[in-house]
$ cat model-v6.txt   # compact mmCIF, C-alpha atoms (C1' of nucleotides)
# COMPACT_ATOMS: atom_id res chain seq x y z
CA MET A 1 -10.08 4.88 37.31
CA GLU A 2 -8.51 1.76 38.80
CA ASN A 3 -11.92 0.32 39.51
CA ILE A 4 -12.76 0.08 35.83
CA LEU A 5 -9.75 -2.19 35.46
CA PHE A 6 -10.50 -4.27 38.56
CA ASP A 7 -14.11 -4.76 37.54
CA PHE A 8 -12.87 -6.07 34.23
CA ILE A 9 -10.30 -8.39 35.78
CA SER A 10 -12.84 -9.73 38.25
CA LYS A 11 -14.66 -11.33 35.34
CA TYR A 12 -11.65 -13.63 35.02
CA MET A 13 -10.59 -13.89 38.67
CA PRO A 14 -11.22 -11.90 41.86
CA LEU A 15 -8.17 -10.03 43.11
CA SER A 16 -7.19 -9.60 46.76
CA ASP A 17 -6.65 -6.08 48.10
CA GLU A 18 -2.94 -6.80 48.23
CA GLU A 19 -2.91 -7.76 44.58
CA LYS A 20 -4.86 -4.66 43.68
CA GLN A 21 -2.39 -2.49 45.57
CA VAL A 22 0.50 -4.03 43.64
CA ILE A 23 -1.16 -3.03 40.41
CA ILE A 24 -1.90 0.49 41.62
CA ASP A 25 1.71 0.92 42.78
CA LEU A 26 2.93 0.15 39.28
CA ASP A 27 1.58 3.54 38.24
CA ILE A 28 0.50 2.36 34.82
CA PHE A 29 -2.56 4.51 34.23
CA SER A 30 -2.29 7.35 31.80
CA ILE A 31 -4.43 9.87 29.99
CA VAL A 32 -3.65 10.40 26.33
CA LYS A 33 -4.91 13.09 23.99
CA LYS A 34 -6.57 12.41 20.66
CA GLY A 35 -3.98 12.15 17.92
CA THR A 36 -1.18 11.00 20.22
CA ILE A 37 0.99 8.37 18.57
CA LEU A 38 1.81 5.64 21.07
CA LEU A 39 3.96 3.56 18.73
CA LYS A 40 5.68 4.39 15.46
CA GLU A 41 6.81 2.24 12.58
CA GLY A 42 10.42 1.18 13.08
CA GLN A 43 10.28 1.81 16.81
CA MET A 44 11.33 -0.78 19.38
CA SER A 45 9.00 -0.85 22.34
CA ASN A 46 7.99 -3.40 24.93
CA LYS A 47 4.84 -1.65 26.00
CA SER A 48 1.38 -3.22 25.93
CA PHE A 49 -1.79 -1.17 26.13
CA PHE A 50 -5.21 -1.69 27.60
CA VAL A 51 -8.03 0.75 26.91
CA LEU A 52 -10.12 1.85 29.89
CA LYS A 53 -11.85 4.60 27.96
CA GLY A 54 -11.47 5.88 24.43
CA CYS A 55 -10.20 4.30 21.26
CA LEU A 56 -6.83 3.28 19.86
CA ARG A 57 -6.07 2.33 16.29
CA ILE A 58 -3.41 0.33 14.48
CA TYR A 59 -2.42 1.50 11.03
CA TYR A 60 0.27 0.87 8.48
CA ILE A 61 1.64 3.28 5.92
CA ILE A 62 1.87 1.40 2.65
CA ASP A 63 2.84 3.29 -0.51
CA GLY A 64 2.18 6.50 1.38
CA GLU A 65 -1.35 5.42 2.26
CA GLU A 66 -2.70 4.80 5.72
CA LYS A 67 -4.13 1.31 6.12
CA THR A 68 -6.07 0.84 9.32
CA THR A 69 -6.27 -2.78 10.44
CA ALA A 70 -7.66 -2.62 13.96
CA PHE A 71 -9.48 -0.53 16.53
CA TYR A 72 -9.33 -1.08 20.27
CA THR A 73 -12.00 0.36 22.52
CA GLU A 74 -13.10 0.00 26.15
CA MET A 75 -11.81 -3.18 27.81
CA GLU A 76 -9.67 -4.24 24.88
CA GLY A 77 -5.91 -4.65 24.92
CA ILE A 78 -3.03 -4.65 22.46
CA SER A 79 0.23 -6.49 22.88
CA PRO A 80 2.07 -5.14 19.87
CA HIS A 81 3.93 -7.58 17.69
CA CYS A 82 7.16 -5.63 18.26
CA ALA A 83 6.87 -6.05 22.05
CA ILE A 84 6.32 -9.79 21.80
CA ASN A 85 9.01 -10.45 19.22
CA LYS A 86 11.46 -7.70 20.14
CA LYS A 87 11.58 -6.44 16.59
CA PRO A 88 11.00 -2.94 15.18
CA SER A 89 7.31 -2.24 14.71
CA ASP A 90 5.71 -2.54 11.28
CA TYR A 91 2.85 -0.28 12.26
CA TYR A 92 1.66 2.77 14.13
CA ILE A 93 -0.67 2.92 17.11
CA SER A 94 -2.50 6.17 17.58
CA CYS A 95 -5.21 7.57 19.72
CA VAL A 96 -8.53 8.12 17.93
CA GLU A 97 -10.12 9.94 20.88
CA ASP A 98 -8.94 11.36 24.19
CA SER A 99 -8.42 8.13 26.11
CA ILE A 100 -7.54 6.59 29.43
CA ILE A 101 -5.21 3.66 29.04
CA VAL A 102 -3.12 1.22 30.99
CA ALA A 103 0.41 0.92 29.65
CA SER A 104 2.57 -1.88 30.99
CA ASP A 105 5.90 -3.21 29.88
CA THR A 106 7.24 -6.73 29.73
CA GLU A 107 9.57 -6.34 32.72
CA MET A 108 6.70 -5.19 34.89
CA GLU A 109 4.78 -8.22 33.81
CA THR A 110 7.59 -10.65 34.51
CA THR A 111 8.20 -9.32 38.03
CA GLY A 112 4.43 -9.29 38.61
CA PHE A 113 4.18 -12.93 37.55
CA GLU A 114 6.92 -13.90 39.98
CA LYS A 115 5.21 -12.27 42.95
CA PHE A 116 1.72 -13.33 41.99
CA PRO A 117 1.57 -16.41 39.80
CA ARG A 118 -2.16 -15.87 39.43
CA PHE A 119 -1.37 -12.88 37.23
CA GLU A 120 0.23 -15.25 34.80
CA THR A 121 -2.81 -17.50 34.80
CA LEU A 122 -4.91 -14.43 34.13
CA CYS A 123 -2.69 -13.42 31.22
CA ARG A 124 -2.61 -16.93 29.77
CA ILE A 125 -6.38 -17.20 29.84
CA MET A 126 -6.82 -13.76 28.35
CA SER A 127 -4.28 -14.50 25.60
CA GLU A 128 -5.93 -17.77 24.74
CA GLN A 129 -9.33 -16.14 24.55
CA LEU A 130 -8.04 -13.26 22.49
CA LEU A 131 -6.35 -15.69 20.12
CA ALA A 132 -9.54 -17.67 19.65
CA LYS A 133 -11.53 -14.46 19.18
CA SER A 134 -9.06 -12.99 16.73
CA GLN A 135 -9.22 -16.16 14.65
CA MET A 136 -13.01 -16.09 14.61
CA ILE A 137 -12.92 -12.50 13.42
CA PHE A 138 -10.38 -13.40 10.75
CA ASP A 139 -12.54 -16.29 9.57
CA GLU A 140 -15.57 -14.03 9.44
CA TYR A 141 -13.60 -11.51 7.41
CA LYS A 142 -12.41 -14.13 4.95
CA THR A 143 -15.79 -15.69 4.41
CA SER A 144 -17.73 -12.50 3.76
CA THR A 145 -17.92 -9.69 1.23
CA PRO A 146 -17.16 -6.03 2.02
CA GLU A 147 -20.90 -5.34 2.11
CA GLN A 148 -21.51 -8.18 4.58
CA ARG A 149 -18.59 -6.99 6.67
CA TYR A 150 -20.02 -3.48 6.79
CA LEU A 151 -23.47 -4.71 7.77
CA ASN A 152 -21.91 -6.95 10.37
CA LEU A 153 -19.96 -4.04 11.83
CA LEU A 154 -23.18 -2.07 11.96
CA LYS A 155 -24.63 -4.84 14.13
CA THR A 156 -21.68 -5.77 16.30
CA ARG A 157 -19.84 -2.48 16.80
CA PRO A 158 -22.25 0.31 15.86
CA ASP A 159 -20.37 2.71 18.12
CA LEU A 160 -17.30 2.52 15.86
CA LEU A 161 -19.23 4.09 12.98
CA GLN A 162 -19.84 7.13 15.14
CA ARG A 163 -16.41 7.36 16.68
CA VAL A 164 -14.13 6.80 13.75
CA PRO A 165 -13.63 8.69 10.47
CA GLN A 166 -14.95 6.83 7.49
CA TYR A 167 -11.67 6.55 5.60
CA GLN A 168 -10.26 4.63 8.56
CA LEU A 169 -13.29 2.36 8.67
CA ALA A 170 -12.96 1.74 4.95
CA SER A 171 -9.48 0.26 5.13
CA PHE A 172 -10.52 -1.61 8.27
CA LEU A 173 -13.18 -3.21 6.05
CA GLY A 174 -10.57 -3.86 3.37
CA ILE A 175 -11.84 -1.35 0.82
CA THR A 176 -11.26 2.25 -0.30
CA PRO A 177 -13.20 5.19 1.17
CA GLN A 178 -14.87 5.68 -2.22
CA SER A 179 -16.10 2.09 -2.23
CA LEU A 180 -17.46 2.46 1.28
CA SER A 181 -19.38 5.58 0.26
CA ARG A 182 -20.79 3.79 -2.76
CA LEU A 183 -21.59 0.68 -0.76
CA ARG A 184 -23.54 2.70 1.78
CA ALA A 185 -25.47 4.47 -0.96
CA ARG A 186 -26.24 1.09 -2.49
CA ILE A 187 -27.66 -0.19 0.79
CA VAL A 188 -29.88 2.88 1.20
CA ASP A 189 -31.15 2.41 -2.38
CA LYS A 190 -32.02 -1.20 -1.65
CA ARG A 191 -33.97 -0.25 1.47
CA THR A 192 -36.04 2.48 -0.18
CA GLU A 193 -36.86 0.80 -3.45
CA MET B 1 8.05 -39.18 18.20
CA GLU B 2 8.21 -37.44 21.58
CA ASN B 3 11.55 -35.93 20.70
CA ILE B 4 10.05 -33.86 17.92
CA LEU B 5 7.86 -32.24 20.55
CA PHE B 6 10.62 -31.78 23.10
CA ASP B 7 12.94 -30.24 20.52
CA PHE B 8 10.21 -27.76 19.74
CA ILE B 9 9.48 -26.94 23.36
CA SER B 10 13.17 -26.48 24.11
CA LYS B 11 13.13 -23.41 21.88
CA TYR B 12 10.95 -21.79 24.54
CA MET B 13 12.33 -23.46 27.68
CA PRO B 14 14.40 -26.57 28.44
CA LEU B 15 12.44 -29.31 30.18
CA SER B 16 13.76 -31.56 32.92
CA ASP B 17 13.57 -35.34 32.48
CA GLU B 18 10.85 -35.42 35.10
CA GLU B 19 8.80 -32.89 33.20
CA LYS B 20 9.29 -34.80 29.98
CA GLN B 21 8.11 -37.99 31.66
CA VAL B 22 4.95 -36.24 32.86
CA ILE B 23 4.17 -35.30 29.28
CA ILE B 24 4.89 -38.79 27.97
CA ASP B 25 2.67 -40.33 30.65
CA LEU B 26 -0.25 -38.24 29.44
CA ASP B 27 -0.37 -40.46 26.37
CA ILE B 28 -1.35 -37.65 24.06
CA PHE B 29 0.33 -38.71 20.83
CA SER B 30 -1.79 -40.08 18.06
CA ILE B 31 -1.61 -41.04 14.41
CA VAL B 32 -4.51 -39.91 12.24
CA LYS B 33 -5.36 -40.94 8.69
CA LYS B 34 -5.93 -38.51 5.85
CA GLY B 35 -9.56 -37.44 5.74
CA THR B 36 -10.20 -38.00 9.46
CA ILE B 37 -12.43 -35.33 10.90
CA LEU B 38 -11.14 -34.27 14.32
CA LEU B 39 -13.87 -31.76 15.06
CA LYS B 40 -17.31 -31.24 13.56
CA GLU B 41 -19.56 -28.21 13.37
CA GLY B 42 -21.91 -28.14 16.36
CA GLN B 43 -19.67 -30.41 18.40
CA MET B 44 -18.54 -29.56 21.92
CA SER B 45 -14.94 -30.48 22.49
CA ASN B 46 -12.20 -29.32 24.78
CA LYS B 47 -9.35 -30.79 22.77
CA SER B 48 -6.43 -28.80 21.40
CA PHE B 49 -4.15 -30.13 18.68
CA PHE B 50 -0.52 -29.77 17.85
CA VAL B 51 0.88 -31.07 14.56
CA LEU B 52 4.12 -33.05 14.75
CA LYS B 53 3.87 -34.25 11.15
CA GLY B 54 1.25 -33.76 8.48
CA CYS B 55 -1.38 -31.12 7.90
CA LEU B 56 -4.70 -30.17 9.47
CA ARG B 57 -7.25 -27.80 8.05
CA ILE B 58 -10.10 -25.69 9.42
CA TYR B 59 -13.13 -25.24 7.21
CA TYR B 60 -16.66 -23.95 7.46
CA ILE B 61 -19.66 -25.08 5.46
CA ILE B 62 -21.48 -21.95 4.37
CA ASP B 63 -24.45 -22.26 2.01
CA GLY B 64 -23.34 -25.82 1.32
CA GLU B 65 -19.87 -24.67 0.28
CA GLU B 66 -16.64 -25.54 2.04
CA LYS B 67 -14.70 -22.45 3.10
CA THR B 68 -11.17 -23.23 4.23
CA THR B 69 -9.75 -20.60 6.56
CA ALA B 70 -6.57 -22.15 7.94
CA PHE B 71 -3.96 -24.86 7.53
CA TYR B 72 -1.76 -26.16 10.31
CA THR B 73 1.46 -28.00 9.51
CA GLU B 74 4.54 -29.18 11.39
CA MET B 75 5.04 -27.44 14.75
CA GLU B 76 1.78 -25.52 14.61
CA GLY B 77 -1.06 -25.84 17.08
CA ILE B 78 -4.79 -25.19 17.19
CA SER B 79 -6.80 -24.35 20.28
CA PRO B 80 -10.26 -24.43 18.78
CA HIS B 81 -12.62 -21.61 19.65
CA CYS B 82 -15.13 -24.12 21.00
CA ALA B 83 -12.58 -25.50 23.49
CA ILE B 84 -11.66 -22.05 24.78
CA ASN B 85 -15.21 -20.72 25.00
CA LYS B 86 -17.05 -23.95 25.76
CA LYS B 87 -19.47 -23.42 22.91
CA PRO B 88 -20.44 -25.68 20.00
CA SER B 89 -17.93 -25.43 17.17
CA ASP B 90 -18.67 -23.28 14.14
CA TYR B 91 -16.24 -25.18 11.98
CA TYR B 92 -14.68 -28.51 11.06
CA ILE B 93 -11.11 -29.64 11.54
CA SER B 94 -9.94 -32.35 9.20
CA CYS B 95 -6.75 -34.10 8.34
CA VAL B 96 -5.30 -33.16 4.93
CA GLU B 97 -2.59 -35.86 5.05
CA ASP B 98 -1.77 -38.83 7.25
CA SER B 99 -0.51 -37.02 10.33
CA ILE B 100 1.03 -37.40 13.75
CA ILE B 101 -0.55 -35.07 16.26
CA VAL B 102 -0.62 -34.25 19.95
CA ALA B 103 -4.14 -33.97 21.30
CA SER B 104 -4.57 -32.55 24.78
CA ASP B 105 -7.63 -31.44 26.67
CA THR B 106 -8.17 -28.54 29.02
CA GLU B 107 -8.32 -30.69 32.18
CA MET B 108 -4.96 -32.22 31.37
CA GLU B 109 -3.57 -28.74 30.94
CA THR B 110 -4.97 -27.46 34.22
CA THR B 111 -3.59 -30.37 36.25
CA GLY B 112 -0.28 -30.02 34.39
CA PHE B 113 -0.11 -26.33 35.28
CA GLU B 114 -0.66 -27.11 38.94
CA LYS B 115 2.17 -29.62 39.09
CA PHE B 116 4.54 -27.65 36.89
CA PRO B 117 3.88 -23.92 36.84
CA ARG B 118 6.49 -23.58 34.12
CA PHE B 119 4.05 -25.27 31.73
CA GLU B 120 1.76 -22.35 32.23
CA THR B 121 4.52 -19.89 31.48
CA LEU B 122 5.26 -21.89 28.33
CA CYS B 123 1.62 -21.77 27.29
CA ARG B 124 1.29 -18.08 28.04
CA ILE B 125 4.34 -17.23 25.97
CA MET B 126 3.21 -19.44 23.11
CA SER B 127 -0.29 -17.94 23.18
CA GLU B 128 1.05 -14.42 23.18
CA GLN B 129 3.33 -15.17 20.26
CA LEU B 130 0.58 -16.93 18.33
CA LEU B 131 -1.73 -14.00 18.94
CA ALA B 132 0.85 -11.53 17.68
CA LYS B 133 1.56 -13.74 14.66
CA SER B 134 -2.08 -14.27 13.84
CA GLN B 135 -2.66 -10.53 13.91
CA MET B 136 0.30 -9.93 11.57
CA ILE B 137 -1.13 -12.48 9.16
CA PHE B 138 -4.55 -10.87 9.36
CA ASP B 139 -3.06 -7.45 8.69
CA GLU B 140 -1.15 -8.83 5.73
CA TYR B 141 -4.34 -10.37 4.39
CA LYS B 142 -6.28 -7.15 4.77
CA THR B 143 -3.69 -4.97 3.13
CA SER B 144 -3.10 -7.09 0.05
CA THR B 145 -4.94 -8.25 -3.06
CA PRO B 146 -5.69 -11.91 -3.83
CA GLU B 147 -2.82 -11.90 -6.32
CA GLN B 148 -0.38 -10.52 -3.74
CA ARG B 149 -1.63 -13.05 -1.22
CA TYR B 150 -1.04 -15.87 -3.67
CA LEU B 151 2.47 -14.66 -4.52
CA ASN B 152 3.17 -14.24 -0.83
CA LEU B 153 2.02 -17.78 -0.11
CA LEU B 154 4.29 -18.99 -2.89
CA LYS B 155 7.19 -17.36 -1.05
CA THR B 156 6.35 -18.10 2.55
CA ARG B 157 4.63 -21.50 2.45
CA PRO B 158 5.48 -23.05 -0.94
CA ASP B 159 4.95 -26.52 0.51
CA LEU B 160 1.23 -25.82 0.96
CA LEU B 161 0.76 -25.48 -2.80
CA GLN B 162 2.02 -29.02 -3.18
CA ARG B 163 0.21 -30.54 -0.25
CA VAL B 164 -3.23 -29.08 -0.56
CA PRO B 165 -5.92 -29.26 -3.29
CA GLN B 166 -6.34 -26.02 -5.14
CA TYR B 167 -9.98 -25.44 -4.27
CA GLN B 168 -9.01 -25.44 -0.60
CA LEU B 169 -6.17 -23.01 -1.26
CA ALA B 170 -8.57 -20.76 -3.17
CA SER B 171 -10.91 -20.18 -0.27
CA PHE B 172 -7.90 -19.88 2.04
CA LEU B 173 -6.88 -16.96 -0.23
CA GLY B 174 -10.41 -15.61 -0.09
CA ILE B 175 -11.37 -16.30 -3.69
CA THR B 176 -13.11 -18.99 -5.80
CA PRO B 177 -11.22 -21.86 -7.43
CA GLN B 178 -12.01 -20.35 -10.84
CA SER B 179 -10.44 -17.05 -9.85
CA LEU B 180 -7.36 -18.81 -8.56
CA SER B 181 -7.00 -20.63 -11.89
CA ARG B 182 -7.36 -17.38 -13.78
CA LEU B 183 -5.02 -15.54 -11.45
CA ARG B 184 -2.31 -18.16 -11.96
CA ALA B 185 -2.74 -18.02 -15.73
CA ARG B 186 -2.45 -14.23 -15.54
CA ILE B 187 0.82 -14.49 -13.64
CA VAL B 188 2.28 -16.92 -16.19
CA ASP B 189 1.23 -14.57 -19.01
CA LYS B 190 2.98 -11.65 -17.33
CA ARG B 191 6.19 -13.66 -16.93
CA THR B 192 6.39 -14.85 -20.54
CA GLU B 193 5.34 -11.69 -22.35
C1' DT C 1 -11.40 -52.06 -16.91
C1' DT C 2 -15.03 -49.20 -16.92
C1' DG C 3 -17.83 -46.00 -15.00
C1' DT C 4 -18.19 -42.27 -11.66
C1' DT C 5 -16.97 -38.65 -9.02
C1' DT C 6 -13.83 -34.96 -8.03
C1' DC C 7 -10.81 -31.46 -9.49
C1' DG C 8 -8.82 -27.93 -12.37
C1' DT C 9 -9.28 -24.99 -16.34
C1' DT C 10 -11.48 -22.05 -19.58
C1' DC C 11 -15.11 -19.02 -21.38
C1' DA C 12 -18.77 -15.46 -21.48
C1' DC C 13 -21.21 -12.50 -18.85
C1' DC C 14 -22.18 -9.82 -14.61
C1' DT C 15 -21.06 -7.23 -10.63
C1' DA C 16 -18.51 -4.69 -7.50
C1' DA C 17 -14.29 -2.75 -6.16
C1' DG C 18 -10.14 0.25 -7.67
C1' DT C 19 -8.67 4.62 -9.82
C1' DT C 20 -8.68 9.34 -10.97
C1' DA C 21 -10.70 13.54 -10.56
C1' DA C 22 -13.92 17.10 -9.26
C1' DT C 23 -16.66 19.01 -5.72
C1' DA C 24 -18.93 19.63 -1.42
C1' DA C 25 -19.02 19.51 3.48
C1' DA C 26 -16.93 19.48 7.84
C1' DA C 27 -13.36 20.23 11.02
C1' DT C 28 -9.18 22.77 12.32
C1' DT C 29 -6.19 26.46 12.59
C1' DC C 30 -4.90 31.04 12.98
C1' DG D 1 -14.85 34.15 11.41
C1' DA D 2 -12.02 33.47 7.43
C1' DA D 3 -8.77 30.48 5.48
C1' DT D 4 -7.01 26.05 5.16
C1' DT D 5 -6.91 21.35 5.64
C1' DT D 6 -9.24 17.13 6.12
C1' DT D 7 -12.99 14.18 5.12
C1' DA D 8 -16.95 12.48 2.40
C1' DT D 9 -19.47 12.04 -1.81
C1' DT D 10 -20.25 11.44 -6.63
C1' DA D 11 -19.19 10.23 -11.43
C1' DA D 12 -16.85 7.97 -15.42
C1' DC D 13 -13.92 4.54 -16.51
C1' DT D 14 -10.96 0.35 -15.69
C1' DT D 15 -9.95 -3.95 -13.68
C1' DA D 16 -10.53 -8.16 -11.41
C1' DG D 17 -13.26 -11.30 -8.96
C1' DG D 18 -18.00 -13.92 -8.87
C1' DT D 19 -21.20 -16.97 -11.41
C1' DG D 20 -22.80 -20.59 -14.29
C1' DA D 21 -21.65 -23.80 -17.55
C1' DA D 22 -18.87 -26.86 -20.29
C1' DC D 23 -14.98 -29.82 -20.81
C1' DG D 24 -11.00 -32.75 -19.99
C1' DA D 25 -7.98 -34.93 -16.65
C1' DA D 26 -7.15 -37.23 -12.68
C1' DA D 27 -8.46 -39.91 -8.81
C1' DC D 28 -11.38 -43.30 -7.01
C1' DA D 29 -14.65 -47.18 -6.78
C1' DA D 30 -16.98 -51.16 -8.30

$ encode --input "model-v6.txt" --output "structure tokens"
Amino acid sequence: MENILFDFISKYMPLSDEEKQVIIDLDIFSIVKKGTILLKEGQMSNKSFFVLKGCLRIYYIIDGEEKTTAFYTEMEGISPHCAINKKPSDYYISCVEDSIIVASDTEMETTGFEKFPRFETLCRIMSEQLLAKSQMIFDEYKTSTPEQRYLNLLKTRPDLLQRVPQYQLASFLGITPQSLSRLRARIVDKRTE
Amino acid sequence: MENILFDFISKYMPLSDEEKQVIIDLDIFSIVKKGTILLKEGQMSNKSFFVLKGCLRIYYIIDGEEKTTAFYTEMEGISPHCAINKKPSDYYISCVEDSIIVASDTEMETTGFEKFPRFETLCRIMSEQLLAKSQMIFDEYKTSTPEQRYLNLLKTRPDLLQRVPQYQLASFLGITPQSLSRLRARIVDKRTE
DNA sequence: TTGTTTCGTTCACCTAAGTTAATAAAATTC
DNA sequence: GAATTTTATTAACTTAGGTGAACGAAACAA
């Protein structure tokens, strides 16, 4: 289980055995069942999550409706807004599938950074890259139509369409489930005509 | 000029005089005229920008049309995707008003981090906060209509409406200039009826 | 100053997404 | 395995954004 994480980290920097042991000793790996809610609206939490296997999802409840804004799958991490800003959470994080995750909290990180400054470099680089990536994705979202976004998802994250219920995908694409159904039918029509 | 920057940084961590001098010696402050293009599509650059005064803007040219996706004003910074990922830029960065900016490059940052590890902590914290903020803004965008986004902009960044031409605001809101015109007329109608 | 370009608004028409509701299909629960 | 809940589809109707075009106002340039 740990090796999945270390393989991932080694893409950014190789870790010594000592450094690996420090991480293992933190006892941050956990197995979570589908449907588990890791964070609730209004909750204060300083936990960050990293997905080794499975799928997590961020959603809001607005006017009684679930609005899904993000999915996190293998090798993706979430540092929730509430953990960074020490404010109650605006959203929920739940587990779409049975998953294996790494859950760390800010204190663990701070003490880790003190012992091994390279951890901080690692986190800075990862944050910077995630920020740049998240802005690219936002730009792509803004500059395309729901249909283009759906087709793009089909290309870039085809697994999501299999793993995730359609009503969650719909709000992730910024539309209603009905519109997504219609949109898909429209695409099939185009192909066969 | 430097003091604007140091006041800002002091919100995250106080700097010693020595540290301040290191920053000043980097000679990173510059004054840029309205209309200056700081980054072009296709260009490789490792420069990041921080706005002390004025306004920068990111835009794409898609099918010959400008699509503005972001504005950066006082105390906001951009680390362009191309600088982080060492790839040619997908977008342009231009100067909406005469501005005073800090332009730093990745080498400067790396050498700075080596001399003063606290700079890295500063950058990590700022990146993490920016990431969290950018995801909140994305979520807000996804979960609201163009009209709500416009009204929200009116509340949260009223200055932008004064500083920026409307056709740039329109694509920032994800709609055409015509739709923005209509949308504004609709809001006035609602108020007066 | 005049001519030119850019910008914002308005209109008519088109298209696609939202809404409400009914129904079918699939997944869960007991 | 039957009952219940959840999820997906379809349809009719409404609403709002996209498109193309025309016009006036403002900004800019010669």

$ interface_residues --input "model-v6.txt" --of "chain A" --to "chain B" --cutoff "9 Å" --atoms "all atoms listed in the file" --output "ChimeraX atom specification"
/A:60,62,67-70,79-82,84-85,117,120-121,123-125,127-136,138-139,141-144,171-175

$ write_last_selection --input "model-v6.txt" --atoms "C-alpha atoms" --output "mmCIF file, keeping the file's coordinate frame"
data_model
loop_
_atom_site.group_PDB
_atom_site.id
_atom_site.type_symbol
_atom_site.label_atom_id
_atom_site.label_comp_id
_atom_site.auth_asym_id
_atom_site.auth_seq_id
_atom_site.Cartn_x
_atom_site.Cartn_y
_atom_site.Cartn_z
ATOM 1 C CA TYR A 60 0.270 0.870 8.480
ATOM 2 C CA ILE A 62 1.870 1.400 2.650
ATOM 3 C CA LYS A 67 -4.130 1.310 6.120
ATOM 4 C CA THR A 68 -6.070 0.840 9.320
ATOM 5 C CA THR A 69 -6.270 -2.780 10.440
ATOM 6 C CA ALA A 70 -7.660 -2.620 13.960
ATOM 7 C CA SER A 79 0.230 -6.490 22.880
ATOM 8 C CA PRO A 80 2.070 -5.140 19.870
ATOM 9 C CA HIS A 81 3.930 -7.580 17.690
ATOM 10 C CA CYS A 82 7.160 -5.630 18.260
ATOM 11 C CA ILE A 84 6.320 -9.790 21.800
ATOM 12 C CA ASN A 85 9.010 -10.450 19.220
ATOM 13 C CA PRO A 117 1.570 -16.410 39.800
ATOM 14 C CA GLU A 120 0.230 -15.250 34.800
ATOM 15 C CA THR A 121 -2.810 -17.500 34.800
ATOM 16 C CA CYS A 123 -2.690 -13.420 31.220
ATOM 17 C CA ARG A 124 -2.610 -16.930 29.770
ATOM 18 C CA ILE A 125 -6.380 -17.200 29.840
ATOM 19 C CA SER A 127 -4.280 -14.500 25.600
ATOM 20 C CA GLU A 128 -5.930 -17.770 24.740
ATOM 21 C CA GLN A 129 -9.330 -16.140 24.550
ATOM 22 C CA LEU A 130 -8.040 -13.260 22.490
ATOM 23 C CA LEU A 131 -6.350 -15.690 20.120
ATOM 24 C CA ALA A 132 -9.540 -17.670 19.650
ATOM 25 C CA LYS A 133 -11.530 -14.460 19.180
ATOM 26 C CA SER A 134 -9.060 -12.990 16.730
ATOM 27 C CA GLN A 135 -9.220 -16.160 14.650
ATOM 28 C CA MET A 136 -13.010 -16.090 14.610
ATOM 29 C CA PHE A 138 -10.380 -13.400 10.750
ATOM 30 C CA ASP A 139 -12.540 -16.290 9.570
ATOM 31 C CA TYR A 141 -13.600 -11.510 7.410
ATOM 32 C CA LYS A 142 -12.410 -14.130 4.950
ATOM 33 C CA THR A 143 -15.790 -15.690 4.410
ATOM 34 C CA SER A 144 -17.730 -12.500 3.760
ATOM 35 C CA SER A 171 -9.480 0.260 5.130
ATOM 36 C CA PHE A 172 -10.520 -1.610 8.270
ATOM 37 C CA LEU A 173 -13.180 -3.210 6.050
ATOM 38 C CA GLY A 174 -10.570 -3.860 3.370
ATOM 39 C CA ILE A 175 -11.840 -1.350 0.820
#

$ closest_residue --input "model-v6.txt" --among "D:DT10, D:DA29, D:DG20, D:DT5" --to "chain B" --atoms "only C-alpha atoms (C1' of nucleotides)"
D:DG20

$ atom_distance --input "model-v6.txt" --atom1 "CA of Leu153 in chain A" --atom2 "CA of Pro146 in chain B"
22.6 Å

$ residues_around --input "model-v6.txt" --residues "Arg57 in chain B" --least-positions-apart "3" --cutoff "12 Å" --atoms "only C-alpha atoms (C1' of nucleotides)" --output "VMD selection string"
chain B and resid 34 to 40 49 51 54 60 66 to 73 76 to 78 80 91 to 97 99 160 163 to 165 168 to 169 171 to 172

$ interface_residues --input "model-v6.txt" --of "chain C" --to "chain A" --cutoff "10 Å" --atoms "all atoms listed in the file" --output "NGL selection string"
:C and (16-19)

$ atom_distance --input "model-v6.txt" --atom1 "CA of Met108 in chain A" --atom2 "CA of Lys87 in chain A"
19.0 Å

$ axis_aligned_box --input "model-v6.txt" --around "range 125-134 of chain B" --padding-each-side "8 Å" --output "lines of an AutoDock Vina configuration file"
center_x = 1.1
center_y = -15.5
center_z = 19.9
size_x = 22.4
size_y = 23.9
size_z = 28.1

$ closest_atom_pairs --input "model-v6.txt" --of "chain D" --to "chain A" --cutoff "10 Å" --atoms "all atoms listed in the file" --output "Markdown table"
| residue | atom | partner | partner_atom | distance |
| --- | --- | --- | --- | --- |
| D:DT7 | C1' | A:Pro165 | CA | 7.7 |
| D:DA8 | C1' | A:Ser181 | CA | 7.6 |
| D:DT9 | C1' | A:Ser181 | CA | 6.8 |
| D:DT10 | C1' | A:Arg182 | CA | 8.6 |

$ atom_distance --input "model-v6.txt" --atom1 "C1' of DT29 in chain C" --atom2 "C1' of DT6 in chain D"
11.8 Å
